[in-house]
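Participant: As input, take query_2.csv (CSV, C-alpha atoms):
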chain,number,residue,atom,x,y,z
A,2,MET,CA,94.7,-154.0,-77.5
A,3,LEU,CA,97.4,-154.5,-74.9
A,4,LEU,CA,96.2,-154.8,-71.3
A,5,ARG,CA,98.6,-154.1,-68.5
A,6,ALA,CA,97.9,-155.1,-64.9
A,7,ARG,CA,99.6,-155.3,-61.5
A,8,ILE,CA,99.5,-159.1,-61.7
A,9,VAL,CA,98.4,-161.3,-64.6
A,10,VAL,CA,97.2,-164.8,-63.7
A,11,PRO,CA,97.2,-167.1,-66.7
A,12,VAL,CA,96.1,-170.1,-64.6
A,13,THR,CA,98.1,-172.5,-66.9
A,14,ALA,CA,101.3,-170.7,-66.1
A,15,PRO,CA,102.8,-168.9,-63.0
A,16,PRO,CA,101.5,-165.4,-62.2
A,17,VAL,CA,103.3,-162.5,-63.9
A,18,GLU,CA,104.0,-159.4,-61.8
A,19,ASP,CA,103.5,-156.1,-63.8
A,20,GLY,CA,102.2,-158.2,-66.6
A,21,ALA,CA,100.4,-157.7,-69.9
A,22,VAL,CA,98.1,-159.6,-72.2
A,23,ALA,CA,98.0,-158.8,-76.0
A,24,VAL,CA,94.7,-159.3,-77.8
A,25,TRP,CA,94.2,-159.3,-81.5
A,26,GLY,CA,90.7,-159.8,-82.7
A,27,ASP,CA,88.9,-162.3,-80.5
A,28,ARG,CA,92.1,-164.2,-79.5
A,29,ILE,CA,95.0,-163.7,-77.1
A,30,VAL,CA,98.3,-163.5,-79.0
A,31,ALA,CA,100.8,-163.0,-76.1
A,32,VAL,CA,101.1,-163.0,-72.3
A,33,GLY,CA,104.1,-161.9,-70.4
A,34,PRO,CA,105.9,-159.1,-68.5
A,35,TRP,CA,104.9,-155.5,-69.5
A,36,SER,CA,108.6,-154.7,-70.0
A,37,GLU,CA,108.8,-157.3,-72.8
A,38,LEU,CA,105.6,-156.6,-74.6
A,39,LYS,CA,105.3,-152.8,-74.5
A,40,ASP,CA,107.9,-152.0,-77.1
A,41,THR,CA,106.8,-154.6,-79.7
A,42,TRP,CA,103.1,-153.9,-79.5
A,43,PRO,CA,101.7,-151.8,-82.4
A,44,GLY,CA,98.2,-151.3,-81.1
A,45,PRO,CA,96.5,-149.3,-78.3
A,46,VAL,CA,97.4,-149.9,-74.7
A,47,THR,CA,95.1,-149.9,-71.6
A,48,ASP,CA,96.8,-149.7,-68.2
A,49,LEU,CA,94.2,-151.3,-65.8
A,50,GLY,CA,96.3,-150.2,-62.8
A,51,GLU,CA,96.2,-152.0,-59.4
A,52,VAL,CA,94.2,-155.0,-60.6
A,53,ILE,CA,94.6,-158.7,-61.0
A,54,LEU,CA,93.9,-159.8,-64.6
A,55,LEU,CA,92.7,-163.4,-65.1
A,56,PRO,CA,90.7,-165.6,-67.4
A,57,GLY,CA,86.9,-165.3,-67.5
A,58,LEU,CA,85.3,-167.9,-65.2
A,59,VAL,CA,83.6,-171.0,-66.6
A,60,ASN,CA,80.3,-171.8,-64.9
A,61,ALA,CA,79.7,-175.5,-65.6
A,62,HIS,CA,76.1,-175.7,-64.3
A,63,CYS,CA,73.4,-173.0,-64.0
A,64,HIS,CA,69.7,-172.5,-64.2
A,65,LEU,CA,69.2,-169.0,-65.4
A,66,ASP,CA,65.5,-169.6,-65.7
A,67,TYR,CA,65.2,-169.7,-61.9
A,68,THR,CA,67.1,-166.6,-60.9
A,69,GLY,CA,63.8,-164.9,-59.9
A,70,LEU,CA,63.1,-167.6,-57.3
A,71,ALA,CA,65.9,-166.3,-55.0
A,72,GLY,CA,64.8,-166.5,-51.4
A,73,GLN,CA,61.3,-168.0,-52.2
A,74,LEU,CA,62.0,-171.6,-51.3
A,75,ALA,CA,63.1,-172.5,-47.8
A,76,PRO,CA,65.6,-175.3,-47.4
A,77,PRO,CA,63.5,-178.5,-47.3
A,78,ARG,CA,63.6,-181.4,-44.7
A,79,ALA,CA,63.6,-183.9,-47.6
A,80,PHE,CA,64.8,-183.4,-51.2
A,81,PRO,CA,61.5,-184.4,-52.8
A,82,ASP,CA,59.7,-181.6,-50.9
A,83,TRP,CA,62.0,-179.1,-52.7
A,84,ILE,CA,61.1,-180.6,-56.1
A,85,LYS,CA,57.4,-180.3,-55.3
A,86,ALA,CA,57.9,-176.7,-54.2
A,87,ILE,CA,59.8,-175.5,-57.2
A,88,LEU,CA,57.3,-177.2,-59.6
A,89,ALA,CA,54.5,-175.4,-57.8
A,90,ALA,CA,56.4,-172.1,-58.1
A,91,LYS,CA,57.1,-172.6,-61.8
A,92,ASN,CA,53.5,-173.3,-62.5
A,93,THR,CA,52.6,-169.7,-61.4
A,94,TRP,CA,55.0,-168.1,-63.9
A,95,THR,CA,54.4,-167.0,-67.4
A,96,ALA,CA,56.9,-167.2,-70.3
A,97,ALA,CA,57.6,-163.5,-69.7
A,98,ASP,CA,58.5,-164.2,-66.1
A,99,PHE,CA,61.0,-166.9,-67.2
A,100,GLN,CA,62.4,-164.5,-69.8
A,101,ARG,CA,63.1,-161.8,-67.2
A,102,SER,CA,64.6,-164.3,-64.8
A,103,TRP,CA,67.0,-165.7,-67.4
A,104,LEU,CA,68.1,-162.2,-68.5
A,105,ASP,CA,68.6,-161.1,-64.9
A,106,GLY,CA,70.7,-164.2,-64.2
A,107,ALA,CA,72.8,-163.6,-67.3
A,108,ALA,CA,73.5,-160.0,-66.2
A,109,GLN,CA,74.5,-161.3,-62.7
A,110,LEU,CA,76.9,-163.8,-64.2
A,111,LEU,CA,78.6,-161.1,-66.4
A,112,ALA,CA,78.9,-158.7,-63.4
A,113,SER,CA,80.5,-161.4,-61.3
A,114,GLY,CA,83.1,-162.6,-63.9
A,115,THR,CA,81.6,-165.6,-65.7
A,116,THR,CA,82.2,-165.5,-69.4
A,117,THR,CA,81.2,-169.1,-70.3
A,118,VAL,CA,78.2,-170.9,-68.8
A,119,ALA,CA,76.6,-174.3,-69.2
A,120,ASN,CA,72.9,-173.5,-68.7
A,121,ILE,CA,70.0,-175.8,-68.4
A,122,GLU,CA,67.1,-174.6,-70.6
A,123,SER,CA,63.5,-175.4,-70.0
A,124,ILE,CA,61.5,-172.7,-71.8
A,125,PRO,CA,61.6,-172.7,-75.6
A,126,GLU,CA,59.8,-169.4,-76.1
A,127,GLY,CA,62.3,-166.7,-76.7
A,128,LEU,CA,65.4,-168.9,-76.3
A,129,ALA,CA,67.1,-167.7,-79.5
A,130,GLU,CA,66.5,-164.1,-78.5
A,131,ARG,CA,67.8,-164.7,-75.0
A,132,ARG,CA,71.0,-166.3,-76.3
A,133,ALA,CA,71.5,-163.4,-78.8
A,134,SER,CA,70.9,-160.8,-76.1
A,135,THR,CA,74.0,-161.6,-74.0
A,136,PRO,CA,77.7,-161.6,-74.8
A,137,LEU,CA,78.1,-164.6,-72.5
A,138,ARG,CA,79.2,-167.8,-74.2
A,139,VAL,CA,76.1,-169.8,-73.4
A,140,TYR,CA,76.1,-173.6,-73.8
A,141,SER,CA,72.4,-174.4,-73.7
A,142,PHE,CA,71.5,-177.9,-72.5
A,143,TRP,CA,67.8,-178.7,-73.3
A,144,GLU,CA,66.2,-180.3,-70.2
A,145,MET,CA,64.1,-183.4,-70.7
A,146,THR,CA,61.8,-185.3,-68.4
A,147,GLY,CA,59.4,-188.1,-69.3
A,148,VAL,CA,57.6,-189.4,-66.2
A,149,LYS,CA,54.5,-187.2,-65.8
A,150,ASN,CA,54.0,-186.5,-69.5
A,151,ARG,CA,54.1,-190.2,-70.6
A,152,ARG,CA,55.4,-189.2,-74.0
A,153,PRO,CA,57.6,-191.7,-76.0
A,154,ALA,CA,61.3,-191.2,-75.5
A,155,ALA,CA,62.0,-190.8,-79.3
A,156,GLU,CA,59.4,-188.1,-79.5
A,157,ILE,CA,60.9,-186.1,-76.7
A,158,THR,CA,64.5,-186.3,-78.0
A,159,ASN,CA,63.5,-185.6,-81.6
A,160,GLU,CA,61.6,-182.5,-80.5
A,161,ALA,CA,64.7,-181.4,-78.5
A,162,GLU,CA,67.0,-182.1,-81.5
A,163,GLN,CA,64.8,-180.0,-83.8
A,164,LEU,CA,64.6,-177.1,-81.3
A,165,LEU,CA,68.4,-177.0,-80.8
A,166,THR,CA,69.4,-177.4,-84.5
A,167,ARG,CA,67.0,-174.6,-85.4
A,168,LEU,CA,68.6,-172.1,-83.1
A,169,PRO,CA,70.6,-169.3,-84.9
A,170,PRO,CA,74.4,-169.4,-84.4
A,171,ALA,CA,75.5,-167.7,-81.2
A,172,PRO,CA,78.6,-167.8,-79.0
A,173,GLY,CA,78.6,-171.1,-77.1
A,174,GLY,CA,76.8,-174.3,-78.2
A,175,VAL,CA,74.0,-176.7,-77.4
A,176,GLY,CA,73.5,-180.1,-75.8
A,177,LEU,CA,71.0,-182.3,-74.1
A,178,SER,CA,70.1,-182.6,-70.4
A,179,PRO,CA,68.0,-185.6,-69.3
A,180,HIS,CA,67.0,-184.1,-66.0
A,181,ALA,CA,67.9,-186.9,-63.5
A,182,PRO,CA,67.6,-190.7,-63.3
A,183,TYR,CA,64.5,-190.4,-61.2
A,184,SER,CA,62.7,-188.0,-63.5
A,185,THR,CA,63.5,-189.8,-66.7
A,186,LEU,CA,62.9,-193.4,-67.8
A,187,PRO,CA,65.6,-195.7,-69.2
A,188,GLU,CA,64.3,-195.3,-72.8
A,189,LEU,CA,64.8,-191.5,-72.6
A,190,LEU,CA,68.3,-191.8,-71.2
A,191,ALA,CA,69.3,-194.2,-74.0
A,192,SER,CA,67.7,-192.0,-76.7
A,193,ALA,CA,69.4,-188.9,-75.4
A,194,ALA,CA,72.8,-190.7,-75.4
A,195,GLU,CA,72.3,-191.8,-79.0
A,196,ILE,CA,71.4,-188.3,-80.2
A,197,GLY,CA,74.4,-187.0,-78.4
A,198,ARG,CA,76.7,-189.5,-80.1
A,199,GLN,CA,75.2,-188.7,-83.5
A,200,ARG,CA,75.5,-185.0,-83.1
A,201,ASN,CA,78.7,-185.0,-81.1
A,202,TRP,CA,76.8,-183.0,-78.4
A,203,TRP,CA,77.7,-182.8,-74.8
A,204,LEU,CA,75.2,-184.2,-72.3
A,205,THR,CA,74.6,-183.3,-68.6
A,206,THR,CA,72.4,-184.8,-65.9
A,207,HIS,CA,71.8,-184.2,-62.2
A,208,VAL,CA,72.9,-187.5,-60.7
A,209,ALA,CA,73.4,-188.8,-57.2
A,210,GLU,CA,72.4,-185.4,-55.8
A,211,SER,CA,70.4,-186.5,-52.8
A,212,GLU,CA,70.3,-189.4,-50.3
A,213,ALA,CA,66.6,-189.9,-51.3
A,214,GLU,CA,67.7,-190.5,-55.0
A,215,PHE,CA,70.5,-192.9,-53.8
A,216,GLU,CA,68.1,-194.9,-51.7
A,217,MET,CA,65.6,-195.1,-54.4
A,218,PHE,CA,68.0,-196.7,-56.9
A,219,MET,CA,70.1,-198.7,-54.5
A,220,TYR,CA,67.5,-200.1,-52.2
A,221,ARG,CA,64.0,-199.3,-53.5
A,222,ARG,CA,63.1,-197.3,-50.5
A,223,GLY,CA,62.9,-193.8,-49.1
A,224,ALA,CA,60.9,-190.6,-49.6
A,225,MET,CA,61.6,-190.3,-53.4
A,226,PHE,CA,60.7,-194.0,-54.0
A,227,ASP,CA,57.5,-193.6,-52.1
A,228,TRP,CA,56.5,-190.4,-53.9
A,229,LEU,CA,57.5,-191.4,-57.5
A,230,GLY,CA,56.2,-195.0,-57.1
A,231,ARG,CA,52.8,-193.6,-58.1
A,232,GLU,CA,54.2,-191.9,-61.2
A,233,ARG,CA,56.7,-194.2,-62.9
A,234,PRO,CA,57.6,-197.8,-63.1
A,235,MET,CA,60.2,-198.8,-60.5
A,236,SER,CA,61.8,-201.8,-62.3
A,237,ASP,CA,65.0,-199.8,-62.8
A,238,CYS,CA,65.5,-199.4,-59.1
A,239,GLY,CA,67.2,-201.8,-56.7
A,240,VAL,CA,69.9,-202.9,-59.2
A,241,GLY,CA,72.7,-200.4,-58.5
A,242,SER,CA,73.6,-196.8,-57.9
A,243,PRO,CA,72.3,-193.8,-59.8
A,244,VAL,CA,75.8,-193.5,-61.5
A,245,GLN,CA,75.7,-197.1,-62.5
A,246,HIS,CA,72.1,-196.6,-63.8
A,247,LEU,CA,73.3,-193.8,-66.2
A,248,ALA,CA,76.3,-195.9,-67.3
A,249,ARG,CA,74.0,-198.8,-68.2
A,250,HIS,CA,72.1,-196.5,-70.6
A,251,GLY,CA,75.1,-195.1,-72.3
A,252,LEU,CA,75.3,-191.6,-70.9
A,253,ILE,CA,78.7,-191.6,-69.3
A,254,SER,CA,81.5,-190.6,-71.7
A,255,PRO,CA,84.1,-187.9,-72.1
A,256,ARG,CA,81.3,-185.6,-73.3
A,257,PHE,CA,79.2,-186.0,-70.1
A,258,LEU,CA,78.9,-183.7,-67.1
A,259,ALA,CA,77.7,-185.4,-64.0
A,260,VAL,CA,76.1,-182.6,-61.9
A,261,HIS,CA,76.4,-183.0,-58.1
A,262,ALA,CA,77.5,-186.7,-57.6
A,263,ASN,CA,77.3,-186.3,-53.9
A,264,TYR,CA,76.3,-189.9,-53.0
A,265,LEU,CA,78.5,-192.5,-54.6
A,266,TRP,CA,78.7,-196.2,-54.2
A,267,HIS,CA,81.8,-198.4,-54.4
A,268,GLY,CA,83.2,-198.2,-57.9
A,269,ASP,CA,81.2,-195.1,-59.0
A,270,ALA,CA,84.2,-192.8,-59.0
A,271,ALA,CA,86.3,-195.3,-60.9
A,272,LEU,CA,83.5,-195.7,-63.4
A,273,LEU,CA,83.3,-191.9,-64.0
A,274,ALA,CA,87.1,-191.7,-64.4
A,275,ALA,CA,87.4,-194.7,-66.7
A,276,ARG,CA,84.8,-193.2,-69.1
A,277,GLY,CA,86.3,-189.7,-69.0
A,278,ALA,CA,83.3,-187.9,-67.5
A,279,SER,CA,83.5,-184.6,-65.5
A,280,VAL,CA,81.7,-183.9,-62.2
A,281,VAL,CA,80.2,-180.4,-61.5
A,282,HIS,CA,80.1,-179.4,-57.8
A,283,CYS,CA,77.8,-176.5,-56.8
A,284,PRO,CA,79.0,-175.6,-53.2
A,285,GLN,CA,76.2,-173.2,-52.2
A,286,SER,CA,73.5,-175.5,-53.4
A,287,HIS,CA,75.2,-178.4,-51.6
A,288,SER,CA,75.2,-176.4,-48.4
A,289,TYR,CA,71.5,-175.3,-48.9
A,290,PHE,CA,70.3,-178.9,-48.9
A,291,GLY,CA,72.7,-180.0,-46.1
A,292,HIS,CA,74.2,-182.9,-48.1
A,293,ARG,CA,77.0,-184.9,-46.7
A,294,HIS,CA,80.6,-184.0,-47.5
A,295,PHE,CA,81.2,-183.8,-51.2
A,296,PRO,CA,83.5,-186.7,-52.2
A,297,ARG,CA,86.1,-184.5,-53.9
A,298,GLU,CA,89.1,-186.4,-52.6
A,299,GLN,CA,87.7,-189.7,-53.8
A,300,LEU,CA,86.9,-188.4,-57.3
A,301,GLU,CA,90.1,-186.5,-57.9
A,302,ALA,CA,92.3,-189.2,-56.5
A,303,ILE,CA,91.2,-191.5,-59.3
A,304,GLY,CA,91.4,-188.8,-62.0
A,305,VAL,CA,87.9,-187.4,-62.3
A,306,ASN,CA,87.8,-183.8,-63.6
A,307,VAL,CA,86.0,-181.7,-60.9
A,308,CYS,CA,84.7,-178.2,-61.8
A,309,LEU,CA,82.3,-175.7,-60.4
A,310,GLY,CA,78.8,-174.4,-61.1
A,311,THR,CA,76.4,-172.0,-59.4
A,312,ASP,CA,73.3,-174.1,-59.9
A,313,SER,CA,70.3,-171.7,-59.4
A,314,LEU,CA,69.3,-169.1,-56.9
A,315,ALA,CA,66.3,-171.3,-56.1
A,316,SER,CA,68.7,-173.5,-54.1
A,317,THR,CA,70.9,-170.8,-52.5
A,318,ARG,CA,70.5,-169.4,-49.1
A,319,CYS,CA,69.8,-165.6,-49.1
A,320,ARG,CA,71.8,-163.5,-46.6
A,321,HIS,CA,70.2,-160.9,-44.5
A,322,THR,CA,72.7,-158.2,-45.5
A,323,GLU,CA,72.7,-158.5,-49.3
A,324,PRO,CA,70.6,-160.3,-51.9
A,325,ALA,CA,71.8,-163.6,-53.3
A,326,THR,CA,73.5,-163.4,-56.7
A,327,LEU,CA,74.9,-165.9,-59.2
A,328,SER,CA,78.6,-165.7,-58.7
A,329,LEU,CA,81.4,-168.3,-59.0
A,330,PHE,CA,83.5,-166.2,-56.6
A,331,ASP,CA,80.8,-166.9,-54.0
A,332,GLU,CA,81.0,-170.6,-54.9
A,333,MET,CA,84.8,-170.7,-54.6
A,334,ARG,CA,84.6,-169.1,-51.1
A,335,SER,CA,81.9,-171.6,-50.1
A,336,PHE,CA,83.9,-174.5,-51.4
A,337,VAL,CA,87.1,-173.6,-49.5
A,338,ALA,CA,85.1,-172.9,-46.3
A,339,ARG,CA,84.0,-176.6,-46.3
A,340,ASP,CA,87.1,-178.3,-47.6
A,341,ALA,CA,90.3,-177.8,-45.7
A,342,GLY,CA,92.3,-179.8,-48.3
A,343,LEU,CA,91.9,-177.2,-51.0
A,344,ASP,CA,94.5,-174.6,-52.0
A,345,PRO,CA,93.5,-171.3,-53.7
A,346,ALA,CA,95.2,-172.1,-57.0
A,347,GLY,CA,93.3,-175.4,-57.1
A,348,ILE,CA,90.0,-173.7,-56.4
A,349,LEU,CA,90.6,-171.2,-59.2
A,350,ALA,CA,91.5,-174.0,-61.6
A,351,ARG,CA,88.2,-175.7,-60.9
A,352,ALA,CA,86.4,-172.4,-61.8
A,353,THR,CA,88.4,-172.0,-65.0
A,354,ILE,CA,90.4,-174.7,-66.8
A,355,ASN,CA,88.5,-177.6,-65.3
A,356,GLY,CA,85.2,-176.2,-66.4
A,357,ALA,CA,86.7,-175.6,-69.9
A,358,ARG,CA,87.9,-179.2,-70.0
A,359,ALA,CA,84.4,-180.4,-69.0
A,360,LEU,CA,82.9,-178.6,-72.0
A,361,GLY,CA,85.7,-179.6,-74.4
A,362,LEU,CA,87.2,-176.1,-74.5
A,363,GLN,CA,90.7,-176.9,-73.5
A,364,GLY,CA,93.1,-174.2,-74.8
A,365,GLN,CA,90.2,-171.9,-75.6
A,366,ALA,CA,88.5,-170.9,-72.3
A,367,GLY,CA,89.5,-170.6,-68.7
A,368,GLU,CA,93.1,-169.6,-69.4
A,369,LEU,CA,95.3,-166.8,-70.7
A,370,SER,CA,97.5,-168.3,-73.3
A,371,PRO,CA,98.3,-167.6,-77.0
A,372,GLY,CA,95.5,-168.8,-79.1
A,373,ALA,CA,92.9,-168.9,-76.3
A,374,TRP,CA,89.7,-166.8,-76.6
A,375,ALA,CA,90.2,-163.2,-75.4
A,376,ASP,CA,87.9,-163.7,-72.4
A,377,LEU,CA,89.4,-161.8,-69.5
A,378,ILE,CA,88.3,-160.3,-66.2
A,379,ALA,CA,90.0,-157.9,-63.8
A,380,VAL,CA,89.5,-157.6,-60.0
A,381,ARG,CA,90.9,-154.9,-57.8
A,382,GLY,CA,93.9,-155.8,-55.7
A,383,SER,CA,97.6,-155.5,-55.3
A,384,PRO,CA,98.7,-158.6,-53.3
A,385,SER,CA,102.0,-160.2,-53.6
A,386,VAL,CA,102.5,-162.8,-56.3
A,387,ALA,CA,102.6,-165.5,-53.7
A,388,ALA,CA,99.2,-164.4,-52.3
A,389,VAL,CA,97.4,-163.6,-55.6
A,390,ASN,CA,95.3,-166.8,-55.9
A,391,GLU,CA,94.1,-166.3,-52.3
A,392,ALA,CA,93.1,-162.8,-53.1
A,393,ILE,CA,91.2,-163.9,-56.2
A,394,VAL,CA,89.2,-166.6,-54.2
A,395,ASN,CA,88.4,-164.0,-51.6
A,396,HIS,CA,87.1,-161.4,-54.1
A,397,PHE,CA,83.6,-160.2,-53.3
A,398,GLY,CA,81.2,-158.3,-55.5
A,399,PRO,CA,81.4,-157.2,-59.2
A,400,VAL,CA,84.5,-157.4,-61.3
A,401,HIS,CA,86.5,-154.3,-62.1
A,402,ALA,CA,86.3,-154.9,-65.9
A,403,SER,CA,85.7,-157.7,-68.4
A,404,VAL,CA,86.3,-158.6,-72.0
A,405,ILE,CA,84.7,-161.3,-74.0
A,406,ALA,CA,85.9,-162.2,-77.5
A,407,GLY,CA,88.2,-159.2,-77.5
A,408,ARG,CA,85.4,-156.7,-76.7
A,409,TRP,CA,84.8,-154.8,-73.6
A,410,VAL,CA,81.7,-156.1,-71.7
A,411,ALA,CA,82.3,-154.1,-68.6
A,412,LEU,CA,84.6,-151.1,-68.9
A,413,PRO,CA,87.2,-150.5,-66.2
A,414,VAL,CA,85.6,-148.9,-63.1
A,415,PRO,CA,87.1,-145.4,-62.6
A,416,GLY,CA,89.0,-144.7,-59.4
Please rewrite the model in this file as C-alpha cells.

Facilitator:
Amino acid sequence: MLLRARIVVPVTAPPVEDGAVAVWGDRIVAVGPWSELKDTWPGPVTDLGEVILLPGLVNAHCHLDYTGLAGQLAPPRAFPDWIKAILAAKNTWTAADFQRSWLDGAAQLLASGTTTVANIESIPEGLAERRASTPLRVYSFWEMTGVKNRRPAAEITNEAEQLLTRLPPAPGGVGLSPHAPYSTLPELLASAAEIGRQRNWWLTTHVAESEAEFEMFMYRRGAMFDWLGRERPMSDCGVGSPVQHLARHGLISPRFLAVHANYLWHGDAALLAARGASVVHCPQSHSYFGHRHFPREQLEAIGVNVCLGTDSLASTRCRHTEPATLSLFDEMRSFVARDAGLDPAGILARATINGARALGLQGQAGELSPGAWADLIAVRGSPSVAAVNEAIVNHFGPVHASVIAGRWVALPVPG
C-alpha cells in the first residue's frame, strides 16, 4: 500500500510536506513526496488526509501486569512504602486478574501509538497466549528477585531461561530483568549477566531509582537499608553506587537498559557511556515519586542513549477529569514540562529511534526509512512543517490510525 499524509515525519530525515510512505509486505520500501511516488506505485493508495504520519512509538519500559492498579496506590512518603503497598496489592490478585490487566494495558498502548514495547513480565501463566493475542512487538523481560524466596541464583536463572526459550515465536523477543540491586543478590546479578551473554539476550534492571536505594548502597543507611536489613545480607552495601554495583557483577553492556538512573554518583554516567548501556526515563513515574531532577544533561553530554518508557499505571498520578492510560505521548508532554532544555524533535527521537537503539533495533523500528519495519501511526493535524514536531509532542488521546508489520491495527477514523 501507499499511504499519503499532510506531513510525513521519518524522524531520521526531515519532515516531508504532502508526503507518502510505500509499504510492501511488512517493510517500508520508499518514503518521499507524494508527487514523486504516486506515478510509480503499482499498488493500492490510501489518502489519510490532514494527518501527520510518523513511526510507531517505542516504549522501552512498561509493566503491563499492573495496568489494573491505576489510581489504587497513593504517592508514598518514602519509596520502600510504595514497594510494600504494591506487593500487598499484588497478593490479592489472581492469575486471571493479571491476565486482564496485561491485555488492557496492551490495548491502551496500541490506542496511543506504541508499536514496540519492552515489558517486564512476572506472571508465567498465560504469557504465551498474551503475547500471541496482541499485534504489539513485545520484548518480554522476565523479572527475577532472590531475597525473600532464598532460592539459589542458578536455579532462578535456569528456570527463567527455560520459560523464555519455550515460548512460541511471536513479534518481539525475550530477555532477563533482575528486578533491582536491592531486591537481588550479587550471585543472581552475575548469573543473569552470564545467561544474557550466552543467549545474546538484552537485560534490564531498575537502578538508582530512589534516594533510599542510593543511600543503602553508598552509605549503608536510610529507609531501605533499615527495612531490607532483616531480609538480605548487606555486605554488598557501602562500597559504591547502585550503578557501580551492577557493573561489578557484569550487567552493564551495550545490551543493557538501565531503568530510571535518577540518583548518580561521580563517574556513573561515564561508566554507562563507556559500556554502551542505555538509560530509560519514565517521566510520569518520576513525577509521581517526586524524585530530584532527572540527570538527562549529564548522561547525554557524555554519550549515553536516553529513551522513554511509560513504567506502570501503579506509579502514575490519576487526573480527576480522565482516567490514566499508558501513553508515550503523555510521557513526552510530561518530559518537556519539566526539562526546559528539550526541543520537540529531540523528545520524539527519545520515544522512537533512541528506544529502538536501546533494544538493538536500529534501522528497523522507530523510523520511516527503506528497509525498516512497516510500523506507522497517524495523528490528526495540519501544522506547518516547522511546527510538526511540536504538534506531535502535544498530541492527546488515541491515534488516528496505525499499522504494524504492514497490516492495519487501527483503521483510519472517519471524518

Participant: Using all atoms listed in the file, which protein or nucleic acid residues come within 9 Å of Ala315 of chain A? Drop anything in the same chain fewer than 4 positions from it, and give the result as number ranges by chain.

Facilitator: A: 64, 67-75, 87, 286

Participant: Pick out the closest residue to Arg276 of chain A from this set: A:Val12, A:Val305, A:Ile354, A:Ala6. Count all atoms listed in the file.

Facilitator: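 That would be A:Val305, the residue with the smallest distance to Arg276 of chain A.
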
Participant: For each of A:Thr47, A:Thr146, A:Thr117, A:Gln285, take the minimum atom-to-atom distance to Gly173 of chain A, counting all atoms listed in the file, then give the residue where this is smallest.

Facilitator: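 Closest to Gly173 of chain A of all the choices is A:Thr117.
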
Participant: Write out as JSON, numbers by chain the residues lying within 10 Å of Ala96 of chain A, counting all atoms listed in the file and excluding same-chain residues fewer than 3 positions away.

Facilitator: {"A": [99, 100, 101, 102, 124, 125, 126, 127]}

Participant: Quick one: residues within 10 Å of Ile405 of chain A, all atoms listed in the file counted, chain neighbours fewer than 2 positions away excluded, as a PyMOL selection string?

Facilitator: chain A and resi 27-28+56-57+111+115-117+136-138+374-378+403+407-411

Participant: Identify which of the residues A:Val175, A:Ala213, A:Leu252, A:Ala392 lies closest to Ala194 of chain A, counting all atoms listed in the file when measuring atom-to-atom distances.

Facilitator: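 Counting all atoms listed in the file, the residue closest to Ala194 of chain A is A:Leu252.
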
Participant: If you count only C-alpha atoms, which residues fall within 9 Å of Ala224 of chain A, apart from same-chain ones fewer than 5 positions away, as a short mmCIF file (atom, residue, chain, number, x, y, z; two decimals) with C-alpha atoms, in the frame of the given file?

Facilitator:
data_model
loop_
_atom_site.label_atom_id
_atom_site.label_comp_id
_atom_site.auth_asym_id
_atom_site.auth_seq_id
_atom_site.Cartn_x
_atom_site.Cartn_y
_atom_site.Cartn_z
CA ALA A 79 63.60 -183.90 -47.60
CA PHE A 80 64.80 -183.40 -51.20
CA PRO A 81 61.50 -184.40 -52.80
CA ALA A 213 66.60 -189.90 -51.30
CA GLU A 214 67.70 -190.50 -55.00
CA GLU A 216 68.10 -194.90 -51.70
CA MET A 217 65.60 -195.10 -54.40
CA LEU A 229 57.50 -191.40 -57.50
#

Participant: Measuring atom to atom with all atoms listed in the file, identify which of A:Ser242, A:Thr317, A:Thr353, A:Gln365 is nearest to His267 of chain A.

Facilitator: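 Smallest distance to His267 of chain A is found for A:Ser242.
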
Participant: For each of A:Pro399, A:Pro187, A:Gly304, A:Gly114, take the minimum atom-to-atom distance to Leu55 of chain A, counting only C-alpha atoms, then give the residue where this is smallest.

Facilitator: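 Using only C-alpha atoms, Leu55 of chain A sits closest to A:Gly114.
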
Participant: What lies within 9 Å of Phe397 of chain A using all atoms listed in the file, ignoring chain neighbours under 5 positions off, as a PyMOL selection string?

Facilitator: chain A and resi 113+330-331

Participant: If we draw a sphere of 8 Å around (73.6, -189.1, -71.9), which residues have at least one atom in it when counting all atoms listed in the file? Please report them as a short mmCIF file (atom, residue, chain, number, x, y, z; two decimals) with C-alpha atoms, in the frame of the given file.

Facilitator:
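Final output, selection.cif:
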data_model
loop_
_atom_site.label_atom_id
_atom_site.label_comp_id
_atom_site.auth_asym_id
_atom_site.auth_seq_id
_atom_site.Cartn_x
_atom_site.Cartn_y
_atom_site.Cartn_z
CA LEU A 177 71.00 -182.30 -74.10
CA SER A 178 70.10 -182.60 -70.40
CA PRO A 179 68.00 -185.60 -69.30
CA LEU A 190 68.30 -191.80 -71.20
CA ALA A 191 69.30 -194.20 -74.00
CA ALA A 193 69.40 -188.90 -75.40
CA ALA A 194 72.80 -190.70 -75.40
CA GLU A 195 72.30 -191.80 -79.00
CA GLY A 197 74.40 -187.00 -78.40
CA LEU A 204 75.20 -184.20 -72.30
CA THR A 205 74.60 -183.30 -68.60
CA THR A 206 72.40 -184.80 -65.90
CA LEU A 247 73.30 -193.80 -66.20
CA HIS A 250 72.10 -196.50 -70.60
CA GLY A 251 75.10 -195.10 -72.30
CA LEU A 252 75.30 -191.60 -70.90
CA ILE A 253 78.70 -191.60 -69.30
CA PHE A 257 79.20 -186.00 -70.10
#

Participant: With all atoms listed in the file as the basis for distance, which of A:Ser328, A:Leu362, A:Tyr289, A:Val118 is at the shortest distance from Trp83 of chain A?

Facilitator: A:Tyr289

Participant: Provide the atom CA of Ala129 of chain A to atom CA of Pro169 of chain A distance in Å, to one decimal place.

Facilitator: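 Taking atom CA of Ala129 of chain A and atom CA of Pro169 of chain A, their separation equals 6.6 Å.
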